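Student: Take a look at this one; I'll ask things after.
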Amino acid sequence: MQNQLNTFRGYTFPVSPLQKLKLPIFTNAGIELFVKRDDLLDPLISGNKWRKLKYNLIEMDQLGKKGIATFGGAFSNHLHAVAAAGQRFDFPTVGIVRGEMPIELSPTLKQCKEMGMNLYFVSRAAYRLKEESDEVQQVLTSCNDFFLVAEGGANEWGERGCSEIWREIEPSIDYLCVACGTGTTLKGLVKGSRSHVQLVGFPVLKGMDECPPLTDQDCKLMADYHFGGYAKHTTQLLNFIRDFEEKTRLPLEQVYTGKMMFGICDLVSKDYFPKGSKIVVLHTGGLQGRSPLI
């Protein structure tokens, strides 16, 4: 395979713009902060999900598989992106969903179904075991000609796509910040990293306190901004997002990007970043999961 492929079925993979944020909290600290707007890569295959799917899609075609089967929860941005990719490029998709089938589908799962994804609900115990579970294996047997993608796109192909973010960022930065779920985006960034740039990850899960041990790259995890764990939020966080959006016109959501930006602003107020620092923040998208409470 070539070092970098830029097309899939005639579609050219997009490049996201870099937007400078001018707020008193940054200018008063002598900091330049830019947002890598991966949320603008595609209206449906959003943010880092595009990055993580890129080489998975290419591999699916090279192996001659007819579609993708993957895993996710009721509010999974990953499932939504895979369903959207299937609709866009005309291949079937299967979503193996954590938990029993609810009386009413979440908005995310409704959209997945509308985009043609076949949904299979499995018990939480079976979901934890993934392919080692008989329950999950029954689903996979029914779609054995599908390319299996890990939850969140967390595989070598997902990491490879995320490593290419460096190609779109000028070398003269000091920090690159990213929200972390499965950690795939961070692992990809570590693999393609520049020795002089510190990576700063903001986990949305409890208990994630170690960076991927892949290189000697300077990498820090800020584990104090998960607001209770994945998909959880507080009034303080929602109020921050509303105020931040009003001042910047930059859309955020409460699961990933809102928590990361809250953490960055808090660290700036505590003088974590030295004066003169140039920071790039990766907007990982996920706006389809934005809470109506914001």
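Ordered as shown in the structure tokens, chains take letters A, B, and onward, while each chain numbers its residues from 1 and ligands are numbered from 1 in the order shown.
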Where in segment 175-274 of chain A does DSSP assign strand (DSSP E or B), given as a PyMOL selection string?
Tutor: chain A and resi 175-180+198-203+219-221
Student: Write out, as an mmCIF file, in the first residue's frame, the residues just selected, with N, CA and C atoms.
Tutor:
data_model
loop_
_atom_site.group_PDB
_atom_site.id
_atom_site.type_symbol
_atom_site.label_atom_id
_atom_site.label_comp_id
_atom_site.auth_asym_id
_atom_site.auth_seq_id
_atom_site.Cartn_x
_atom_site.Cartn_y
_atom_site.Cartn_z
ATOM 1 N N TYR A 175 2.121 22.913 21.018
ATOM 2 C CA TYR A 175 1.199 21.964 21.640
ATOM 3 C C TYR A 175 0.121 21.556 20.635
ATOM 4 N N LEU A 176 -0.309 20.303 20.737
ATOM 5 C CA LEU A 176 -1.461 19.816 19.977
ATOM 6 C C LEU A 176 -2.397 19.146 20.971
ATOM 7 N N CYS A 177 -3.621 19.653 21.070
ATOM 8 C CA CYS A 177 -4.584 19.169 22.054
ATOM 9 C C CYS A 177 -5.691 18.372 21.379
ATOM 10 N N VAL A 178 -6.121 17.285 22.038
ATOM 11 C CA VAL A 178 -7.166 16.444 21.474
ATOM 12 C C VAL A 178 -7.967 15.780 22.586
ATOM 13 N N ALA A 179 -9.277 15.651 22.374
ATOM 14 C CA ALA A 179 -10.120 14.892 23.297
ATOM 15 C C ALA A 179 -9.919 13.401 23.035
ATOM 16 N N CYS A 180 -10.056 12.577 24.090
ATOM 17 C CA CYS A 180 -9.770 11.138 23.972
ATOM 18 C C CYS A 180 -10.948 10.299 24.433
ATOM 19 N N GLN A 198 4.395 19.034 22.203
ATOM 20 C CA GLN A 198 3.790 18.267 23.288
ATOM 21 C C GLN A 198 2.340 17.960 22.938
ATOM 22 N N LEU A 199 1.989 16.692 23.012
ATOM 23 C CA LEU A 199 0.604 16.276 22.832
ATOM 24 C C LEU A 199 -0.104 16.358 24.177
ATOM 25 N N VAL A 200 -1.321 16.931 24.165
ATOM 26 C CA VAL A 200 -2.105 17.044 25.389
ATOM 27 C C VAL A 200 -3.466 16.412 25.138
ATOM 28 N N GLY A 201 -3.739 15.319 25.843
ATOM 29 C CA GLY A 201 -4.999 14.613 25.667
ATOM 30 C C GLY A 201 -5.963 14.904 26.805
ATOM 31 N N PHE A 202 -7.249 14.988 26.472
ATOM 32 C CA PHE A 202 -8.298 15.248 27.462
ATOM 33 C C PHE A 202 -9.277 14.072 27.446
ATOM 34 N N PRO A 203 -9.076 13.067 28.326
ATOM 35 C CA PRO A 203 -9.945 11.890 28.339
ATOM 36 C C PRO A 203 -11.371 12.240 28.764
ATOM 37 N N CYS A 219 3.976 13.516 25.871
ATOM 38 C CA CYS A 219 2.523 13.378 25.816
ATOM 39 C C CYS A 219 1.958 13.447 27.226
ATOM 40 N N LYS A 220 0.961 14.299 27.432
ATOM 41 C CA LYS A 220 0.354 14.454 28.747
ATOM 42 C C LYS A 220 -1.148 14.208 28.647
ATOM 43 N N LEU A 221 -1.698 13.556 29.662
ATOM 44 C CA LEU A 221 -3.141 13.397 29.758
ATOM 45 C C LEU A 221 -3.665 14.237 30.908
#
Student: Excluding Gly64 of chain A and residues on its chain fewer than 6 positions from it, collect all residues at most 12 Å away from it, counting only C-alpha atoms, and give them as a list in words.
Tutor: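 Selected residues are Leu57, Ile58, Phe91, Asp145, Phe146 and Phe147 of chain A.
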Student: Give me the residues near Asn144 of chain A as a PyMOL selection string, where near means some atom within 12 Å (using only C-alpha atoms) and where sequence neighbours in that chain fewer than 6 positions away do not count.
Tutor: chain A and resi 65-69+94+136-138
Student: Atoms to include: C-alpha atoms. Write the selected residues as an mmCIF file, in the first residue's frame.
Tutor:
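Once everything was written out, this is selection07.cif:
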data_model
loop_
_atom_site.group_PDB
_atom_site.id
_atom_site.type_symbol
_atom_site.label_atom_id
_atom_site.label_comp_id
_atom_site.auth_asym_id
_atom_site.auth_seq_id
_atom_site.Cartn_x
_atom_site.Cartn_y
_atom_site.Cartn_z
ATOM 1 C CA LYS A 65 -15.533 -7.191 1.394
ATOM 2 C CA LYS A 66 -19.053 -6.033 0.630
ATOM 3 C CA GLY A 67 -19.662 -3.901 3.715
ATOM 4 C CA ILE A 68 -18.668 -2.976 7.282
ATOM 5 C CA ALA A 69 -19.763 -4.461 10.605
ATOM 6 C CA VAL A 94 -24.137 -3.533 10.412
ATOM 7 C CA VAL A 136 -21.876 -11.546 18.979
ATOM 8 C CA GLN A 137 -20.578 -14.441 16.899
ATOM 9 C CA GLN A 138 -24.139 -15.246 15.819
#
Student: Identify, with DSSP run on backbone atoms, the residues in segment 40-186 of chain A assigned to helix (DSSP H, G or I), and express the list as a PyMOL selection string.
Tutor: chain A and resi 40+48-62+77-89+107-114+124-132+134-141+151-153+156-168+184-186
Student: Might you pull out every residue within 7 Å of segment 277-292 of chain A, with only C-alpha atoms counted and same-chain residues fewer than 6 positions away left off, and present them as a list in words?
Tutor: Ile31, Glu32, Leu33, Phe34, Val35, Lys36, Arg37, Asp38, Asp39, Ser46, Gly47, Asn48, Phe75, Asn77, Ile173, Asp174, Tyr175, Leu176, Cys177, Val178, Leu252, Glu253, Gln254 and Thr257 of chain A
Student: Which one of A:Ile294, A:Leu140, A:Val122, A:Leu44 sits closest to Gly73 of chain A if you count only C-alpha atoms?
Tutor: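 Of all the options, A:Val122 lies closest to Gly73 of chain A.
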Student: If we count only C-alpha atoms, what is near segment 96-99 of chain A at a cut-off of 10 Å, once residues fewer than 5 positions away on the same chain are taken out, given as a short mmCIF file (atom, residue, chain, number, x, y, z; two decimals) with N, CA and C atoms, in the first residue's frame?
Tutor:
data_model
loop_
_atom_site.label_atom_id
_atom_site.label_comp_id
_atom_site.auth_asym_id
_atom_site.auth_seq_id
_atom_site.Cartn_x
_atom_site.Cartn_y
_atom_site.Cartn_z
N ALA A 69 -19.09 -4.17 9.34
CA ALA A 69 -19.76 -4.46 10.61
C ALA A 69 -18.92 -3.87 11.73
N THR A 70 -19.57 -3.25 12.70
CA THR A 70 -18.82 -2.59 13.76
C THR A 70 -19.64 -2.50 15.02
N PHE A 71 -19.08 -1.91 16.06
CA PHE A 71 -19.68 -1.87 17.39
C PHE A 71 -19.89 -0.44 17.87
N GLY A 72 -20.87 -0.26 18.78
CA GLY A 72 -21.07 1.06 19.38
C GLY A 72 -22.25 1.08 20.32
N GLY A 73 -22.31 2.15 21.11
CA GLY A 73 -23.43 2.34 22.03
C GLY A 73 -24.55 3.13 21.38
N ALA A 74 -25.56 3.43 22.18
CA ALA A 74 -26.76 4.09 21.67
C ALA A 74 -26.50 5.49 21.13
N PHE A 75 -25.42 6.11 21.59
CA PHE A 75 -25.12 7.48 21.16
C PHE A 75 -23.76 7.55 20.44
N SER A 76 -23.40 6.46 19.78
CA SER A 76 -22.07 6.34 19.17
C SER A 76 -21.90 7.20 17.92
N LEU A 79 -20.76 4.75 15.07
CA LEU A 79 -21.83 4.07 14.34
C LEU A 79 -22.46 5.01 13.32
N LEU A 109 -29.21 6.43 16.85
CA LEU A 109 -29.55 5.13 16.25
C LEU A 109 -30.68 5.26 15.22
N ASN A 118 -28.16 -1.85 9.50
CA ASN A 118 -28.88 -2.89 10.22
C ASN A 118 -28.35 -2.96 11.64
N LEU A 119 -29.23 -2.82 12.62
CA LEU A 119 -28.84 -2.76 14.02
C LEU A 119 -29.14 -4.08 14.72
N TYR A 120 -28.16 -4.58 15.47
CA TYR A 120 -28.33 -5.79 16.27
C TYR A 120 -27.96 -5.45 17.71
N PHE A 121 -28.88 -5.69 18.63
CA PHE A 121 -28.64 -5.36 20.03
C PHE A 121 -28.20 -6.63 20.77
N VAL A 122 -27.12 -6.50 21.55
CA VAL A 122 -26.61 -7.63 22.33
C VAL A 122 -26.49 -7.22 23.79
N SER A 123 -26.49 -8.19 24.68
CA SER A 123 -26.38 -7.90 26.10
C SER A 123 -25.05 -7.21 26.41
N ARG A 124 -25.03 -6.48 27.50
CA ARG A 124 -23.80 -5.78 27.87
C ARG A 124 -22.66 -6.76 28.15
N ALA A 125 -23.01 -7.91 28.73
CA ALA A 125 -21.98 -8.92 28.99
C ALA A 125 -21.37 -9.43 27.69
N ALA A 126 -22.23 -9.69 26.70
CA ALA A 126 -21.74 -10.15 25.39
C ALA A 126 -20.94 -9.06 24.70
N TYR A 127 -21.39 -7.83 24.84
CA TYR A 127 -20.72 -6.70 24.20
C TYR A 127 -19.29 -6.55 24.73
N ARG A 128 -19.11 -6.75 26.03
CA ARG A 128 -17.77 -6.62 26.62
C ARG A 128 -16.81 -7.65 26.02
N LYS A 130 -17.11 -8.94 22.97
CA LYS A 130 -17.02 -8.75 21.51
C LYS A 130 -17.01 -10.10 20.78
N VAL A 136 -22.44 -12.40 20.03
CA VAL A 136 -21.88 -11.55 18.98
C VAL A 136 -21.49 -12.39 17.77
N VAL A 139 -24.23 -12.88 15.31
CA VAL A 139 -24.44 -11.73 14.43
C VAL A 139 -23.39 -11.72 13.33
N LEU A 140 -22.14 -11.93 13.71
CA LEU A 140 -21.05 -11.88 12.73
C LEU A 140 -21.16 -12.99 11.69
N GLU A 151 -14.70 -1.10 17.70
CA GLU A 151 -15.46 0.01 18.27
C GLU A 151 -14.65 1.30 18.18
#
Student: Which of these, A:Met260, A:Val268, A:Met60, A:Val15, has the shortest distance to Leu40 of chain A once you count only C-alpha atoms?
Tutor: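 Looking only at the distances to Leu40 of chain A, the closest residue turns out to be A:Val15.
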Student: Can you tell me which residues surround segment 228-230 of chain A at a distance of at most 10 Å, considering only C-alpha atoms, apart from same-chain residues fewer than 5 positions away, and format the answer as a PyMOL selection string?
Tutor: chain A and resi 181+203-207+254-256
Student: Out of A:Asp61, A:Lys113, A:Leu129, A:Leu18, which residue has the shortest atom-to-atom distance to Glu170 of chain A when counting only C-alpha atoms?
Tutor: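 Checking each of A:Asp61, A:Lys113, A:Leu129, A:Leu18 against Glu170 of chain A, counting only C-alpha atoms, the winner is A:Leu18.
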Student: Please measure the separation of atom CA of Glu59 of chain A and atom CA of Lys110 of chain A, giving the value in Å to one decimal.
Tutor: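 Interatomic distance, atom CA of Glu59 of chain A to atom CA of Lys110 of chain A: 27.6 Å.
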Student: Residues at most 8 Å from Ala84 of chain A, counting only C-alpha atoms, excluding those fewer than 2 positions away in the same chain, as a VMD selection string?
Tutor: chain A and resid 44 to 45 80 to 82 86 to 88 112 115
Student: Hey, can you check how far atom CA of Arg249 of chain A sits from atom CA of Phe262 of chain A?
Tutor: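 Here the two named atoms are 15.4 Å from each other.
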